[in-house]
file final-v3.txt (compact mmCIF, N, CA and C atoms)
# COMPACT_ATOMS: atom_id res chain seq x y z
N MET A 1 126.70 62.38 77.20
CA MET A 1 126.06 63.49 77.89
C MET A 1 126.61 63.54 79.32
N HIS A 2 126.98 64.70 79.75
CA HIS A 2 127.51 64.92 81.10
C HIS A 2 126.41 64.67 82.13
N GLU A 3 126.79 64.23 83.32
CA GLU A 3 125.80 63.87 84.34
C GLU A 3 124.89 65.04 84.71
N THR A 4 125.45 66.25 84.84
CA THR A 4 124.60 67.41 85.18
C THR A 4 123.68 67.76 84.02
N ASP A 5 124.15 67.55 82.78
CA ASP A 5 123.29 67.78 81.61
C ASP A 5 122.13 66.78 81.60
N ALA A 6 122.44 65.53 81.93
CA ALA A 6 121.41 64.49 81.95
C ALA A 6 120.37 64.80 83.03
N LEU A 7 120.84 65.27 84.19
CA LEU A 7 119.92 65.62 85.26
C LEU A 7 119.06 66.81 84.86
N ALA A 8 119.66 67.81 84.24
CA ALA A 8 118.91 68.98 83.78
C ALA A 8 117.86 68.57 82.75
N LYS A 9 118.23 67.67 81.84
CA LYS A 9 117.28 67.20 80.83
C LYS A 9 116.13 66.44 81.49
N THR A 10 116.46 65.58 82.44
CA THR A 10 115.43 64.82 83.15
C THR A 10 114.48 65.76 83.88
N ASN A 11 115.03 66.75 84.56
CA ASN A 11 114.19 67.72 85.26
C ASN A 11 113.30 68.49 84.29
N ARG A 12 113.86 68.90 83.15
CA ARG A 12 113.07 69.63 82.16
C ARG A 12 111.94 68.77 81.61
N ILE A 13 112.26 67.54 81.24
CA ILE A 13 111.23 66.65 80.69
C ILE A 13 110.14 66.41 81.74
N ASN A 14 110.53 66.20 82.99
CA ASN A 14 109.52 65.99 84.04
C ASN A 14 108.64 67.22 84.22
N MET A 15 109.22 68.42 84.15
CA MET A 15 108.42 69.64 84.26
C MET A 15 107.49 69.78 83.05
N LEU A 16 108.02 69.56 81.86
CA LEU A 16 107.18 69.63 80.65
C LEU A 16 106.06 68.60 80.73
N PHE A 17 106.39 67.42 81.23
CA PHE A 17 105.40 66.36 81.38
C PHE A 17 104.27 66.81 82.30
N ASP A 18 104.62 67.50 83.38
CA ASP A 18 103.60 68.01 84.31
C ASP A 18 102.61 68.94 83.60
N PHE A 19 103.12 69.75 82.68
CA PHE A 19 102.26 70.69 81.98
C PHE A 19 101.49 70.06 80.82
N TYR A 20 102.11 69.16 80.09
CA TYR A 20 101.55 68.70 78.82
C TYR A 20 101.22 67.20 78.76
N GLU A 21 101.23 66.53 79.88
CA GLU A 21 101.01 65.08 79.93
C GLU A 21 99.80 64.64 79.11
N THR A 22 98.69 65.36 79.25
CA THR A 22 97.45 64.92 78.60
C THR A 22 97.49 65.04 77.08
N LEU A 23 98.50 65.71 76.55
CA LEU A 23 98.62 65.84 75.10
C LEU A 23 99.41 64.68 74.47
N LEU A 24 99.91 63.80 75.32
CA LEU A 24 100.64 62.62 74.85
C LEU A 24 99.71 61.42 74.77
N THR A 25 100.09 60.45 73.94
CA THR A 25 99.34 59.19 73.92
C THR A 25 99.56 58.46 75.24
N GLU A 26 98.69 57.51 75.52
CA GLU A 26 98.82 56.75 76.76
C GLU A 26 100.17 56.03 76.82
N LYS A 27 100.59 55.47 75.69
CA LYS A 27 101.87 54.76 75.64
C LYS A 27 103.03 55.71 75.87
N GLN A 28 102.98 56.89 75.27
CA GLN A 28 104.03 57.89 75.48
C GLN A 28 104.09 58.31 76.95
N GLN A 29 102.93 58.51 77.55
CA GLN A 29 102.88 58.87 78.98
C GLN A 29 103.54 57.78 79.81
N THR A 30 103.16 56.55 79.55
CA THR A 30 103.68 55.43 80.32
C THR A 30 105.19 55.31 80.18
N PHE A 31 105.69 55.35 78.95
CA PHE A 31 107.13 55.19 78.73
C PHE A 31 107.92 56.34 79.32
N LEU A 32 107.40 57.57 79.22
CA LEU A 32 108.11 58.71 79.82
C LEU A 32 108.14 58.59 81.33
N LYS A 33 107.02 58.17 81.92
CA LYS A 33 107.00 57.98 83.38
C LYS A 33 108.05 56.96 83.80
N TYR A 34 108.07 55.83 83.11
CA TYR A 34 109.04 54.79 83.44
C TYR A 34 110.47 55.30 83.26
N TYR A 35 110.73 55.96 82.15
CA TYR A 35 112.10 56.34 81.79
C TYR A 35 112.60 57.54 82.60
N PHE A 36 111.82 58.61 82.65
CA PHE A 36 112.31 59.83 83.30
C PHE A 36 111.94 59.94 84.77
N HIS A 37 110.77 59.45 85.14
CA HIS A 37 110.34 59.60 86.53
C HIS A 37 110.82 58.44 87.39
N ASP A 38 110.66 57.21 86.89
CA ASP A 38 111.00 56.02 87.67
C ASP A 38 112.42 55.52 87.39
N ASP A 39 113.12 56.14 86.43
CA ASP A 39 114.52 55.83 86.11
C ASP A 39 114.75 54.41 85.61
N TYR A 40 113.78 53.88 84.86
CA TYR A 40 113.97 52.58 84.22
C TYR A 40 114.86 52.77 83.00
N SER A 41 115.62 51.75 82.65
CA SER A 41 116.41 51.79 81.42
C SER A 41 115.49 51.44 80.24
N LEU A 42 115.96 51.74 79.04
CA LEU A 42 115.18 51.38 77.84
C LEU A 42 114.97 49.87 77.79
N GLY A 43 116.01 49.12 78.16
CA GLY A 43 115.92 47.67 78.16
C GLY A 43 114.90 47.15 79.16
N GLU A 44 114.85 47.76 80.34
CA GLU A 44 113.87 47.34 81.35
C GLU A 44 112.44 47.61 80.89
N ILE A 45 112.24 48.76 80.25
CA ILE A 45 110.90 49.08 79.73
C ILE A 45 110.54 48.12 78.62
N ALA A 46 111.49 47.85 77.74
CA ALA A 46 111.26 46.93 76.62
C ALA A 46 110.86 45.55 77.15
N ALA A 47 111.55 45.08 78.16
CA ALA A 47 111.24 43.76 78.73
C ALA A 47 109.85 43.78 79.38
N GLU A 48 109.52 44.86 80.06
CA GLU A 48 108.22 44.99 80.73
C GLU A 48 107.06 44.92 79.73
N PHE A 49 107.25 45.51 78.55
CA PHE A 49 106.17 45.60 77.57
C PHE A 49 106.35 44.64 76.40
N ASP A 50 107.38 43.81 76.47
CA ASP A 50 107.66 42.80 75.44
C ASP A 50 107.75 43.42 74.05
N ILE A 51 108.54 44.51 73.96
CA ILE A 51 108.83 45.15 72.68
C ILE A 51 110.33 45.40 72.62
N SER A 52 110.80 45.85 71.47
CA SER A 52 112.24 46.06 71.33
C SER A 52 112.68 47.34 72.05
N ARG A 53 113.95 47.35 72.42
CA ARG A 53 114.54 48.54 73.04
C ARG A 53 114.43 49.73 72.09
N GLN A 54 114.62 49.47 70.79
CA GLN A 54 114.53 50.53 69.78
C GLN A 54 113.12 51.12 69.73
N ALA A 55 112.10 50.29 69.86
CA ALA A 55 110.71 50.79 69.86
C ALA A 55 110.47 51.70 71.06
N VAL A 56 110.99 51.32 72.21
CA VAL A 56 110.85 52.15 73.40
C VAL A 56 111.55 53.48 73.17
N TYR A 57 112.77 53.41 72.64
CA TYR A 57 113.55 54.62 72.36
C TYR A 57 112.78 55.56 71.45
N GLU A 58 112.20 55.03 70.40
CA GLU A 58 111.44 55.85 69.44
C GLU A 58 110.21 56.49 70.10
N HIS A 59 109.51 55.74 70.94
CA HIS A 59 108.36 56.31 71.67
C HIS A 59 108.80 57.44 72.59
N VAL A 60 109.89 57.23 73.31
CA VAL A 60 110.40 58.25 74.23
C VAL A 60 110.82 59.49 73.45
N LYS A 61 111.57 59.31 72.37
CA LYS A 61 112.04 60.45 71.57
C LYS A 61 110.86 61.21 70.96
N ARG A 62 109.87 60.50 70.46
CA ARG A 62 108.69 61.14 69.89
C ARG A 62 107.94 61.94 70.95
N ALA A 63 107.82 61.35 72.13
CA ALA A 63 107.13 62.03 73.23
C ALA A 63 107.90 63.28 73.66
N GLU A 64 109.23 63.19 73.72
CA GLU A 64 110.04 64.37 74.05
C GLU A 64 109.81 65.47 73.01
N ALA A 65 109.75 65.09 71.75
CA ALA A 65 109.53 66.06 70.68
C ALA A 65 108.16 66.73 70.81
N VAL A 66 107.15 65.96 71.18
CA VAL A 66 105.81 66.52 71.38
C VAL A 66 105.84 67.53 72.54
N LEU A 67 106.49 67.15 73.65
CA LEU A 67 106.57 68.06 74.79
C LEU A 67 107.29 69.35 74.42
N GLU A 68 108.40 69.24 73.72
CA GLU A 68 109.16 70.44 73.33
C GLU A 68 108.37 71.29 72.33
N SER A 69 107.63 70.65 71.45
CA SER A 69 106.80 71.37 70.49
C SER A 69 105.69 72.14 71.21
N CYS A 70 105.06 71.49 72.16
CA CYS A 70 104.01 72.16 72.95
C CYS A 70 104.59 73.35 73.69
N GLU A 71 105.75 73.17 74.29
CA GLU A 71 106.38 74.26 75.04
C GLU A 71 106.76 75.42 74.12
N SER A 72 107.24 75.10 72.93
CA SER A 72 107.64 76.18 72.01
C SER A 72 106.43 77.01 71.58
N LYS A 73 105.26 76.38 71.55
CA LYS A 73 104.04 77.09 71.16
C LYS A 73 103.35 77.77 72.34
N LEU A 74 103.27 77.10 73.48
CA LEU A 74 102.47 77.58 74.61
C LEU A 74 103.28 78.27 75.70
N GLN A 75 104.55 77.91 75.82
CA GLN A 75 105.46 78.53 76.79
C GLN A 75 104.99 78.44 78.25
N LEU A 76 104.27 77.38 78.62
CA LEU A 76 103.77 77.26 79.99
C LEU A 76 104.90 77.10 81.00
N LEU A 77 105.92 76.31 80.67
CA LEU A 77 107.05 76.13 81.58
C LEU A 77 107.83 77.43 81.71
N ALA A 78 108.07 78.11 80.61
CA ALA A 78 108.81 79.37 80.65
C ALA A 78 108.06 80.40 81.49
N LYS A 79 106.75 80.47 81.34
CA LYS A 79 105.95 81.42 82.12
C LYS A 79 105.96 81.04 83.60
N HIS A 80 105.90 79.76 83.89
CA HIS A 80 105.95 79.29 85.27
C HIS A 80 107.29 79.66 85.91
N GLU A 81 108.38 79.43 85.19
CA GLU A 81 109.71 79.75 85.72
C GLU A 81 109.86 81.25 85.93
N ALA A 82 109.34 82.06 85.02
CA ALA A 82 109.39 83.52 85.18
C ALA A 82 108.58 83.95 86.40
N ALA A 83 107.40 83.38 86.56
CA ALA A 83 106.57 83.73 87.72
C ALA A 83 107.29 83.36 89.01
N GLU A 84 107.96 82.21 89.04
CA GLU A 84 108.70 81.81 90.24
C GLU A 84 109.84 82.78 90.54
N ARG A 85 110.50 83.28 89.50
CA ARG A 85 111.57 84.27 89.73
C ARG A 85 111.00 85.55 90.33
N TRP A 86 109.86 86.01 89.82
CA TRP A 86 109.22 87.22 90.36
C TRP A 86 108.76 86.99 91.79
N LEU A 87 108.22 85.82 92.08
CA LEU A 87 107.78 85.51 93.44
C LEU A 87 108.97 85.48 94.40
N ALA A 88 110.10 84.97 93.93
CA ALA A 88 111.30 84.95 94.78
C ALA A 88 111.75 86.38 95.08
N LYS A 89 111.66 87.27 94.08
CA LYS A 89 112.00 88.68 94.31
C LYS A 89 111.04 89.31 95.31
N LEU A 90 109.77 88.99 95.20
CA LEU A 90 108.78 89.52 96.13
C LEU A 90 109.04 89.00 97.55
N ASP A 91 109.39 87.72 97.66
CA ASP A 91 109.79 87.15 98.95
C ASP A 91 110.96 87.93 99.54
N HIS A 92 111.95 88.20 98.70
CA HIS A 92 113.13 88.94 99.14
C HIS A 92 112.75 90.34 99.61
N MET A 93 111.86 90.99 98.89
CA MET A 93 111.41 92.33 99.29
C MET A 93 110.69 92.27 100.64
N ALA A 94 109.90 91.25 100.85
CA ALA A 94 109.20 91.09 102.13
C ALA A 94 110.20 91.00 103.27
N GLU A 95 111.30 90.30 103.06
CA GLU A 95 112.33 90.18 104.09
C GLU A 95 112.98 91.52 104.39
N ARG A 96 113.07 92.38 103.38
CA ARG A 96 113.67 93.70 103.58
C ARG A 96 112.77 94.61 104.42
N PHE A 97 111.50 94.27 104.53
CA PHE A 97 110.55 95.05 105.32
C PHE A 97 110.33 94.42 106.70
N ALA A 98 111.37 93.75 107.21
CA ALA A 98 111.26 93.07 108.52
C ALA A 98 110.84 94.04 109.62
N GLY A 99 111.27 95.31 109.52
CA GLY A 99 110.93 96.29 110.54
C GLY A 99 109.51 96.82 110.44
N ASP A 100 108.91 96.65 109.27
CA ASP A 100 107.54 97.12 109.04
C ASP A 100 106.66 95.87 108.92
N SER A 101 106.18 95.38 110.06
CA SER A 101 105.48 94.10 110.06
C SER A 101 104.21 94.11 109.21
N ASP A 102 103.53 95.25 109.13
CA ASP A 102 102.32 95.31 108.30
C ASP A 102 102.67 95.15 106.82
N MET A 103 103.70 95.88 106.36
CA MET A 103 104.12 95.79 104.95
C MET A 103 104.64 94.39 104.65
N ARG A 104 105.44 93.84 105.54
CA ARG A 104 105.99 92.50 105.35
C ARG A 104 104.86 91.48 105.26
N ALA A 105 103.90 91.57 106.15
CA ALA A 105 102.77 90.63 106.15
C ALA A 105 101.98 90.74 104.85
N GLU A 106 101.77 91.97 104.38
CA GLU A 106 101.03 92.17 103.13
C GLU A 106 101.78 91.58 101.94
N LEU A 107 103.10 91.81 101.87
CA LEU A 107 103.89 91.23 100.78
C LEU A 107 103.88 89.70 100.83
N LEU A 108 104.02 89.14 102.02
CA LEU A 108 103.98 87.68 102.14
C LEU A 108 102.61 87.13 101.77
N ALA A 109 101.55 87.86 102.10
CA ALA A 109 100.19 87.43 101.72
C ALA A 109 100.04 87.44 100.20
N ILE A 110 100.63 88.45 99.55
CA ILE A 110 100.58 88.50 98.08
C ILE A 110 101.30 87.29 97.49
N VAL A 111 102.49 86.97 98.00
CA VAL A 111 103.24 85.82 97.52
C VAL A 111 102.41 84.55 97.69
N GLN A 112 101.84 84.36 98.86
CA GLN A 112 101.04 83.16 99.11
C GLN A 112 99.82 83.12 98.20
N GLY A 113 99.19 84.25 97.99
CA GLY A 113 98.03 84.30 97.10
C GLY A 113 98.39 83.94 95.67
N LEU A 114 99.52 84.46 95.20
CA LEU A 114 99.95 84.17 93.84
C LEU A 114 100.35 82.71 93.67
N ARG A 115 100.86 82.12 94.73
CA ARG A 115 101.23 80.70 94.67
C ARG A 115 100.03 79.80 94.93
N GLY A 116 98.87 80.39 95.24
CA GLY A 116 97.67 79.60 95.49
C GLY A 116 97.65 78.99 96.87
N GLU A 117 98.43 79.55 97.79
CA GLU A 117 98.53 78.99 99.14
C GLU A 117 97.60 79.69 100.12
N GLY A 118 97.09 80.85 99.75
CA GLY A 118 96.30 81.61 100.70
C GLY A 118 94.84 81.69 100.27
N GLY A 119 94.09 82.40 101.05
CA GLY A 119 92.68 82.62 100.72
C GLY A 119 92.55 83.73 99.69
N SER A 120 91.37 84.26 99.55
CA SER A 120 91.15 85.32 98.57
C SER A 120 91.66 86.65 99.11
N ALA A 121 92.00 87.54 98.17
CA ALA A 121 92.46 88.88 98.55
C ALA A 121 91.28 89.70 99.06
N THR A 122 91.57 90.61 99.99
CA THR A 122 90.49 91.43 100.54
C THR A 122 90.61 92.85 100.07

call {"tool": "encode", "arguments": {"input": "final-v3.txt", "output": "structure tokens"}}
result
Amino acid sequence: MHETDALAKTNRINMLFDFYETLLTEKQQTFLKYYFHDDYSLGEIAAEFDISRQAVYEHVKRAEAVLESCESKLQLLAKHEAAERWLAKLDHMAERFAGDSDMRAELLAIVQGLRGEGGSAT
């Protein structure tokens, strides 16, 4: 696997983990955290838990499959990424209204509200 592919996979698994962590077993959560988040090798995890490297590999692969299955059904990551793209467009539009400070402020307030950074809409 190419280094950029491995990084993309790690980022994807970490994002899926953020959305679906509670749907994994405790052991799957632990092994994924060690492997993808903390960058432990399969051998290091195996030594830590006194099990075989193959057992760790199987837990990690099973957990990845659960995460991908959840995403294929619920699409939470895809929806999140789409929302971020729309928010980036809205940010860009706000910048285009630099001369109209009221419009720019309103667009920026909408972006902050959608991201959960602002107070309630009035």

call {"tool": "closest_residue", "arguments": {"input": "final-v3.txt", "among": "A:Met103, A:Leu24, A:Val66, A:Val111", "to": "Ala88 of chain A", "atoms": "all atoms listed in the file"}}
result
A:Val111

call {"tool": "axis_aligned_box", "arguments": {"input": "final-v3.txt", "around": "segment 28-43 of chain A", "padding_each_side": "5 Å", "output": "AutoDock Vina command-line options"}}
result
--center_x 109.6 --center_y 53.5 --center_z 81.5 --size_x 23.5 --size_y 22.8 --size_z 22.4

call {"tool": "select_by_dssp", "arguments": {"input": "final-v3.txt", "residues": "segment 22-91 of chain A", "states": "alpha helix (DSSP H)", "output": "VMD selection string"}}
result
chain A and resid 26 to 32 42 to 49 53 to 74 76 to 91

call {"tool": "atom_distance", "arguments": {"input": "final-v3.txt", "atom1": "atom CA of Thr22 of chain A", "atom2": "atom C of Lys79 of chain A"}}
result
18.9 Å

call {"tool": "atom_distance", "arguments": {"input": "final-v3.txt", "atom1": "atom CA of His37 of chain A", "atom2": "atom CA of Ser72 of chain A"}}
result
22.2 Å

call {"tool": "atom_distance", "arguments": {"input": "final-v3.txt", "atom1": "atom CA of Gln28 of chain A", "atom2": "atom CA of Val60 of chain A"}}
result
6.5 Å

call {"tool": "residues_around", "arguments": {"input": "final-v3.txt", "residues": "Leu42 of chain A", "least_positions_apart": "4", "cutoff": "8 Å", "atoms": "only C-alpha atoms", "output": "list in words"}}
result
Tyr35, Ala46, Arg53, Val56 and Tyr57 of chain A

call {"tool": "closest_residue", "arguments": {"input": "final-v3.txt", "among": "A:Leu23, A:Leu67, A:Ala98, A:Leu87", "to": "Ile110 of chain A", "atoms": "all atoms listed in the file"}}
result
A:Leu87

call {"tool": "closest_residue", "arguments": {"input": "final-v3.txt", "among": "A:Ala8, A:Leu114, A:Ala63, A:Ala55", "to": "Leu32 of chain A", "atoms": "all atoms listed in the file"}}
result
A:Ala63

call {"tool": "residues_around", "arguments": {"input": "final-v3.txt", "residues": "segment 73-76 of chain A", "least_positions_apart": "3", "cutoff": "9 Å", "atoms": "only C-alpha atoms", "output": "count of residues only"}}
result
9

call {"tool": "closest_residue", "arguments": {"input": "final-v3.txt", "among": "A:Ala83, A:Asp100, A:Phe31, A:Asn14", "to": "Gly43 of chain A", "atoms": "only C-alpha atoms"}}
result
A:Phe31

call {"tool": "closest_residue", "arguments": {"input": "final-v3.txt", "among": "A:Glu3, A:Asp18, A:Glu48, A:Asp39", "to": "Glu71 of chain A", "atoms": "only C-alpha atoms"}}
result
A:Asp18

call {"tool": "decode", "arguments": {"input": "final-v3.txt", "residues": "segment 29-115 of chain A", "atoms": "C-alpha atoms", "output": "PDB file, in the first residue's frame"}}
result
ATOM      1  CA  GLN A  29     -12.348  -0.167  20.189  1.00  0.00           C
ATOM      2  CA  THR A  30      -9.124  -0.720  22.094  1.00  0.00           C
ATOM      3  CA  PHE A  31      -7.271  -2.394  19.227  1.00  0.00           C
ATOM      4  CA  LEU A  32      -8.387   0.225  16.690  1.00  0.00           C
ATOM      5  CA  LYS A  33      -7.293   3.033  19.015  1.00  0.00           C
ATOM      6  CA  TYR A  34      -3.890   1.422  19.478  1.00  0.00           C
ATOM      7  CA  TYR A  35      -3.439   0.592  15.792  1.00  0.00           C
ATOM      8  CA  PHE A  36      -4.896   3.599  13.957  1.00  0.00           C
ATOM      9  CA  HIS A  37      -4.826   6.395  16.519  1.00  0.00           C
ATOM     10  CA  ASP A  38      -1.691   5.609  18.547  1.00  0.00           C
ATOM     11  CA  ASP A  39       0.192   3.983  15.607  1.00  0.00           C
ATOM     12  CA  TYR A  40       1.124   0.773  17.424  1.00  0.00           C
ATOM     13  CA  SER A  41       2.173  -2.173  15.271  1.00  0.00           C
ATOM     14  CA  LEU A  42       0.208  -5.423  15.351  1.00  0.00           C
ATOM     15  CA  GLY A  43       3.161  -6.995  17.159  1.00  0.00           C
ATOM     16  CA  GLU A  44       3.219  -4.279  19.819  1.00  0.00           C
ATOM     17  CA  ILE A  45      -0.503  -4.691  20.463  1.00  0.00           C
ATOM     18  CA  ALA A  46      -0.131  -8.466  20.579  1.00  0.00           C
ATOM     19  CA  ALA A  47       2.661  -8.176  23.152  1.00  0.00           C
ATOM     20  CA  GLU A  48       0.632  -5.693  25.225  1.00  0.00           C
ATOM     21  CA  PHE A  49      -2.367  -8.045  25.410  1.00  0.00           C
ATOM     22  CA  ASP A  50      -0.438 -11.338  25.382  1.00  0.00           C
ATOM     23  CA  ILE A  51      -2.191 -12.658  22.269  1.00  0.00           C
ATOM     24  CA  SER A  52      -0.988 -13.551  18.800  1.00  0.00           C
ATOM     25  CA  ARG A  53      -0.312 -10.966  16.116  1.00  0.00           C
ATOM     26  CA  GLN A  54      -2.835 -12.831  13.941  1.00  0.00           C
ATOM     27  CA  ALA A  55      -5.547 -12.451  16.610  1.00  0.00           C
ATOM     28  CA  VAL A  56      -4.930  -8.698  16.741  1.00  0.00           C
ATOM     29  CA  TYR A  57      -5.049  -8.537  12.942  1.00  0.00           C
ATOM     30  CA  GLU A  58      -8.383 -10.373  12.876  1.00  0.00           C
ATOM     31  CA  HIS A  59      -9.889  -8.059  15.529  1.00  0.00           C
ATOM     32  CA  VAL A  60      -8.732  -4.982  13.615  1.00  0.00           C
ATOM     33  CA  LYS A  61     -10.036  -6.301  10.275  1.00  0.00           C
ATOM     34  CA  ARG A  62     -13.384  -7.267  11.817  1.00  0.00           C
ATOM     35  CA  ALA A  63     -13.686  -3.840  13.425  1.00  0.00           C
ATOM     36  CA  GLU A  64     -12.872  -2.130  10.104  1.00  0.00           C
ATOM     37  CA  ALA A  65     -15.589  -4.213   8.441  1.00  0.00           C
ATOM     38  CA  VAL A  66     -18.115  -3.189  11.108  1.00  0.00           C
ATOM     39  CA  LEU A  67     -17.232   0.494  10.637  1.00  0.00           C
ATOM     40  CA  GLU A  68     -17.545   0.252   6.845  1.00  0.00           C
ATOM     41  CA  SER A  69     -20.828  -1.643   7.171  1.00  0.00           C
ATOM     42  CA  CYS A  70     -22.253   1.021   9.478  1.00  0.00           C
ATOM     43  CA  GLU A  71     -21.152   3.752   7.084  1.00  0.00           C
ATOM     44  CA  SER A  72     -22.683   1.987   4.083  1.00  0.00           C
ATOM     45  CA  LYS A  73     -26.014   1.871   5.924  1.00  0.00           C
ATOM     46  CA  LEU A  74     -26.041   5.190   7.810  1.00  0.00           C
ATOM     47  CA  GLN A  75     -23.763   7.408   5.687  1.00  0.00           C
ATOM     48  CA  LEU A  76     -22.859   9.654   8.662  1.00  0.00           C
ATOM     49  CA  LEU A  77     -19.321  10.329   7.412  1.00  0.00           C
ATOM     50  CA  ALA A  78     -20.519  11.018   3.866  1.00  0.00           C
ATOM     51  CA  LYS A  79     -23.164  13.431   5.169  1.00  0.00           C
ATOM     52  CA  HIS A  80     -20.601  15.136   7.402  1.00  0.00           C
ATOM     53  CA  GLU A  81     -18.182  15.570   4.493  1.00  0.00           C
ATOM     54  CA  ALA A  82     -20.965  16.955   2.273  1.00  0.00           C
ATOM     55  CA  ALA A  83     -22.007  19.411   4.982  1.00  0.00           C
ATOM     56  CA  GLU A  84     -18.386  20.560   5.338  1.00  0.00           C
ATOM     57  CA  ARG A  85     -18.191  21.180   1.578  1.00  0.00           C
ATOM     58  CA  TRP A  86     -21.375  23.285   1.702  1.00  0.00           C
ATOM     59  CA  LEU A  87     -20.080  25.206   4.717  1.00  0.00           C
ATOM     60  CA  ALA A  88     -16.830  25.922   2.868  1.00  0.00           C
ATOM     61  CA  LYS A  89     -18.873  27.307  -0.049  1.00  0.00           C
ATOM     62  CA  LEU A  90     -20.867  29.457   2.354  1.00  0.00           C
ATOM     63  CA  ASP A  91     -17.600  30.707   3.894  1.00  0.00           C
ATOM     64  CA  HIS A  92     -16.392  31.581   0.404  1.00  0.00           C
ATOM     65  CA  MET A  93     -19.620  33.454  -0.337  1.00  0.00           C
ATOM     66  CA  ALA A  94     -19.233  35.428   2.886  1.00  0.00           C
ATOM     67  CA  GLU A  95     -15.782  36.537   1.730  1.00  0.00           C
ATOM     68  CA  ARG A  96     -17.279  37.755  -1.557  1.00  0.00           C
ATOM     69  CA  PHE A  97     -19.554  40.077   0.447  1.00  0.00           C
ATOM     70  CA  ALA A  98     -16.595  41.862   2.078  1.00  0.00           C
ATOM     71  CA  GLY A  99     -18.042  45.215   0.970  1.00  0.00           C
ATOM     72  CA  ASP A 100     -21.435  44.482   2.514  1.00  0.00           C
ATOM     73  CA  SER A 101     -20.537  43.995   6.170  1.00  0.00           C
ATOM     74  CA  ASP A 102     -24.119  43.205   7.233  1.00  0.00           C
ATOM     75  CA  MET A 103     -24.506  40.441   4.611  1.00  0.00           C
ATOM     76  CA  ARG A 104     -21.026  39.083   5.353  1.00  0.00           C
ATOM     77  CA  ALA A 105     -21.722  39.023   9.101  1.00  0.00           C
ATOM     78  CA  GLU A 106     -25.035  37.237   8.534  1.00  0.00           C
ATOM     79  CA  LEU A 107     -23.431  34.584   6.301  1.00  0.00           C
ATOM     80  CA  LEU A 108     -20.618  34.035   8.799  1.00  0.00           C
ATOM     81  CA  ALA A 109     -23.185  33.732  11.613  1.00  0.00           C
ATOM     82  CA  ILE A 110     -25.008  31.064   9.586  1.00  0.00           C
ATOM     83  CA  VAL A 111     -21.749  29.131   9.092  1.00  0.00           C
ATOM     84  CA  GLN A 112     -20.956  29.331  12.810  1.00  0.00           C
ATOM     85  CA  GLY A 113     -24.486  28.287  13.724  1.00  0.00           C
ATOM     86  CA  LEU A 114     -24.374  25.280  11.417  1.00  0.00           C
ATOM     87  CA  ARG A 115     -21.016  24.256  12.830  1.00  0.00           C
TER      88      ARG A 115
END
